[in-house]
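Chemist: Got a structure for you, questions after.
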Amino acid sequence: MKILLMGNPNVGKSAIFSRLTGTQVIASNYPGTTVGFTRGYLRFKGERVEVIDVPGTYTLDATSKAEEVAVEMLKEGDLVINVVDATNLERNLNLTLQLLERNVPVVIALNMWDDARHRGIKIDVAKLQELLGVPVVPTVGVTGEGIKDLVVHLDEAKIPQILHAGSDERWLKVGAIVGQVQSLSHRHHTWREILEDASSHPVGGFFIAILVMFVAFWVVRLIGEGLINYVANPIFDFLWTPLLMKLSPLLGSQGIWHDILIGKLFDGQIDYLQSFGLLSTGLYIPIAAVLPYIIAFYFVLGLLEDIGYLPRLAVLLDTILHRLGLHGYAIVPTILGLGCNVPAIMATRILESRKQRFIAATLISIAVPCASLQAMIIGLVGQQGIQYVAMVYGSLLLAWIVVGLILNRLVKGFNPELLLEIPPYRFPPWGVIGKKLWMRVSGFIKEALPIVLGAVFVVNILYIFGVFDFIANVTAPVVKGLWGLPKESIVAIIVGFLRKDVAVGMLAPLALTAKQLVVSSTVLAMFFPCVATFVILIRELGVKDMFKATGIMILAALVMGGFLNLVLPS
Amino acid sequence: MTYKKQLTLNQLRAGQTGTVVQIIGGRGLITRLTAMGIRPGKKITKVSALLFKGPVTLRLDGTQIAVGFGMANRIMVEVDSQTPS
């Protein structure tokens with residue numbers, strides 16, 4: 001048996017999915033959080049039942065690719081749980097009636113029940129159930145209220161014999177139902193609404209946006225640095241280093257195995273950024289240098305997502321993003337990219353046209369540094385002064401704008417206008433935010449740690465066989481001539497294909513000047529996607545467009561590196 | 001009979017409420033807007049419009065929807081007689 005969770009975008013399908021199946025999926029307060037579909041399983045009367053979290057759709061007359069997916073899936077479902085936003089009954093019921101016209105049993109989860117109550121919306125559930133002819137269960141996805149009740153009623157799902165209606169006819173019917181079951185009590189303007197209106201004000205909105213972004217970056221840095229200085233570094237310095245120093249003589253203090261496991265010693269000591277052994281640098285980069293920033297970034301991102309700020313930012317930036325061949329909503333995948341480019345490129349599916357998706361994915365891979373890369377840049381370049389970190393970010397922003405302007409002219413296709421539902425501000429319980437943060441952080445540890453260790457191992461092996469010397473000599477004209485970097489830095493740029501954080505770590509022993517650090521970090525960020533991004537680019541764009549995107553990246557990095565080398569004072 | 005003006009959503013001032021009378025456009029646009037609840041007969045309030053032909057934010061029942069400038073030009077609205085214009 002297959003159960004489909006269907007409904008309008010941003011009505012809480014993913015939250016209910018997590019509650020039903022125990023499978024954690026990312027749920028946020030903006031339309032289009034779910035772009036692919038997730039399967040989970042539910043125990044129902046001793047049977048293992050498949051549950052599918054279907055991307056949201058406003059209508060079954062599919063108008064976009066995401067909606068086509070939803071309609072396709074409907075053919076496979078044995079039962080539909082139609083998730084309805086109780087605060088927006090009319091529009092939601094239009095989809096409900098379309099579902100009831102199909103030949104599939106339906107149960108309705110009347111979600112956001114608590115929010116409806118707060119807004120003075122009263123719904124007569126018994127009456128609604130009678131009019132629709134299917135079970136209606138009030139639920140609150142984020143807290144789990146009503147979910148058990150929903151499962152109990154799955155048995156009573158029905159196919160009411162509703163005839164296929166035309167669009168106008170259907171809206172009339174919806175209007176009649178809403179008129180009978182819903183009563184609104186008058187309320188005053190709440191401070192939440194005042195804040196909502198201020199965020200989309202043509203002038204005030206920009207001030208709020210600047211304030212929000214400033215606070216967001218400040219909090220990320222505060223938490224990230226705090227965790228590094230007061231938690232991660234003490235653990236490594238006082239607990240891990242003494243252990244490694246005991247292990248070192250047992251391995252003979254030098255030689256191949258010592259170098260692979262512990263790395264080179266400097267004045268008889270471990271230098272976590274330079275030793276480059278599996279147990280030293282291999283663990284220090286992901287756990288002590290990057291993880292604190294991953295935690296900090298995803299904590300702040302989770303807050304912005306769940307409060308519902310991102311769609312408002314999309315509206316404010318719409319005009320600017322149109323110049324880059326995108327529209328406002330492209331800011332959502334872009335911001336996700338500041339965490340990791342992989343989910344960001346997947347999220348470009350919320351954009352309607354192929355042109356938009358290609359430009360968005362290419363710009364993300366070129367100019368949006370992931371959290372791991374940023375953590376290392378802040379750590380390494382920041383030692384020379386914060387102004388150099390600002391130069392790297394400024395260069396990437398410049399690349400983002402210039403490449404976008406060019407691609408908008410060159411890429412064929414159309415760039416549709418923004419049409420976006422803006423959710424109300426919501427304040428989810430801390431437990432929900434914590435769970436989502438844990439999901440993303442544990443995802444990072446599981447996926448990144450093995451690749452970092454693999455990359456460090458490969459680097460050691462290649463050094464031993466002298467492969468790098470050969471490559472460095474071949475590429476020296478570009479690296480030295482164009483970018484003004486020592487020829488050895490090509491090694492870091494190549495390792496960037498595996499992990500960008502490890503790559504920045506490899507710049508540490510080269511004793512680069514501040515200018516060289518700015519050039520090399522910027523080139524490293526732009527040059528080539530990491531292997532995980534590479535795979536997702538193939539999947540989302542196809543092989544041909546992936547090669548195009550990669551070509552653009554290499555060209556942009558060559559030009560930007562040369563430009564910085566020319567204009568920056570040494 | 002009171003005189004009622006037909007305006008595009010862009011001509012409506014922020015804070016003004018009106019009733020949608022028609023959407024001038026192809027089937028695709030009409031389907032998309034209708035599915036989100038923007039359809040003839042529906043009361044909408046313009047919340048704000050961004051400068052430089054930016055999107056218009058409108059309120060409709062309990063939700064807010066942002067529509068691009070070009071789309072807003074295709075949404076014809078009749079201003080409610082009680083709101084001064």
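Here's how to read the names in the structure tokens: chain A, B, ... by the order shown, residue numbers from 1 in each chain, ligand numbers from 1 in the order shown.
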Name the residues in contact with stretch 25-37 of chain B at a cut-off of 6 Å, using only C-alpha atoms, excluding same-chain residues fewer than 5 positions from it; report them as a ChimeraX atom specification.

Modeler: /A:58-59,91

Chemist: Can you build me a table of chain B residues sitting at most 8 Å from chain A, with the closest atom pair per residue and its distance in Å to one decimal, using only C-alpha atoms, sorted by chain and residue number, as a tab-separated table?

Modeler:
residue	atom	partner	partner_atom	distance
B:Gly28	CA	A:Thr63	CA	6.9
B:Thr31	CA	A:Thr63	CA	7.3
B:Arg32	CA	A:Thr63	CA	6.5
B:Ala35	CA	A:Tyr58	CA	5.5
B:Met36	CA	A:Tyr58	CA	6.4
B:Gly37	CA	A:Arg91	CA	5.7
B:Val47	CA	A:Asp197	CA	7.0
B:Ser48	CA	A:His201	CA	6.0
B:Ala49	CA	A:Pro202	CA	6.4
B:Leu50	CA	A:Pro202	CA	4.7
B:Leu51	CA	A:Pro202	CA	6.3
B:Phe52	CA	A:Thr319	CA	7.3
B:Lys53	CA	A:Thr319	CA	7.3
B:Gly54	CA	A:Thr319	CA	5.4
B:Pro55	CA	A:Val315	CA	6.5
B:Thr57	CA	A:Ser200	CA	7.4
B:Asp61	CA	A:Asn88	CA	7.0
B:Gly62	CA	A:Asn88	CA	5.9
B:Thr63	CA	A:Pro423	CA	6.7
B:Gln64	CA	A:Ile422	CA	5.2
B:Ile65	CA	A:Glu421	CA	4.3
B:Ala66	CA	A:Leu420	CA	5.2
B:Val67	CA	A:Leu419	CA	4.6
B:Gly68	CA	A:Leu418	CA	4.9
B:Phe69	CA	A:Glu417	CA	7.9
B:Gly70	CA	A:Glu417	CA	7.4
B:Met71	CA	A:Glu417	CA	7.4

Chemist: Just give me the gap between atom CA of A:Asn408 and atom CA of A:Leu324 in Å, one decimal is fine.

Modeler: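 A separation of 5.5 Å between them.
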
Chemist: Identify all residues of chain B in helix (DSSP H, G or I) (DSSP on the backbone) and supply them as a list of chain:residue names.

Modeler: B:Arg27, B:Gly28, B:Leu29, B:Ile30, B:Thr31, B:Arg32, B:Leu33, B:Thr34, B:Ala35, B:Phe69, B:Gly70, B:Met71, B:Ala72
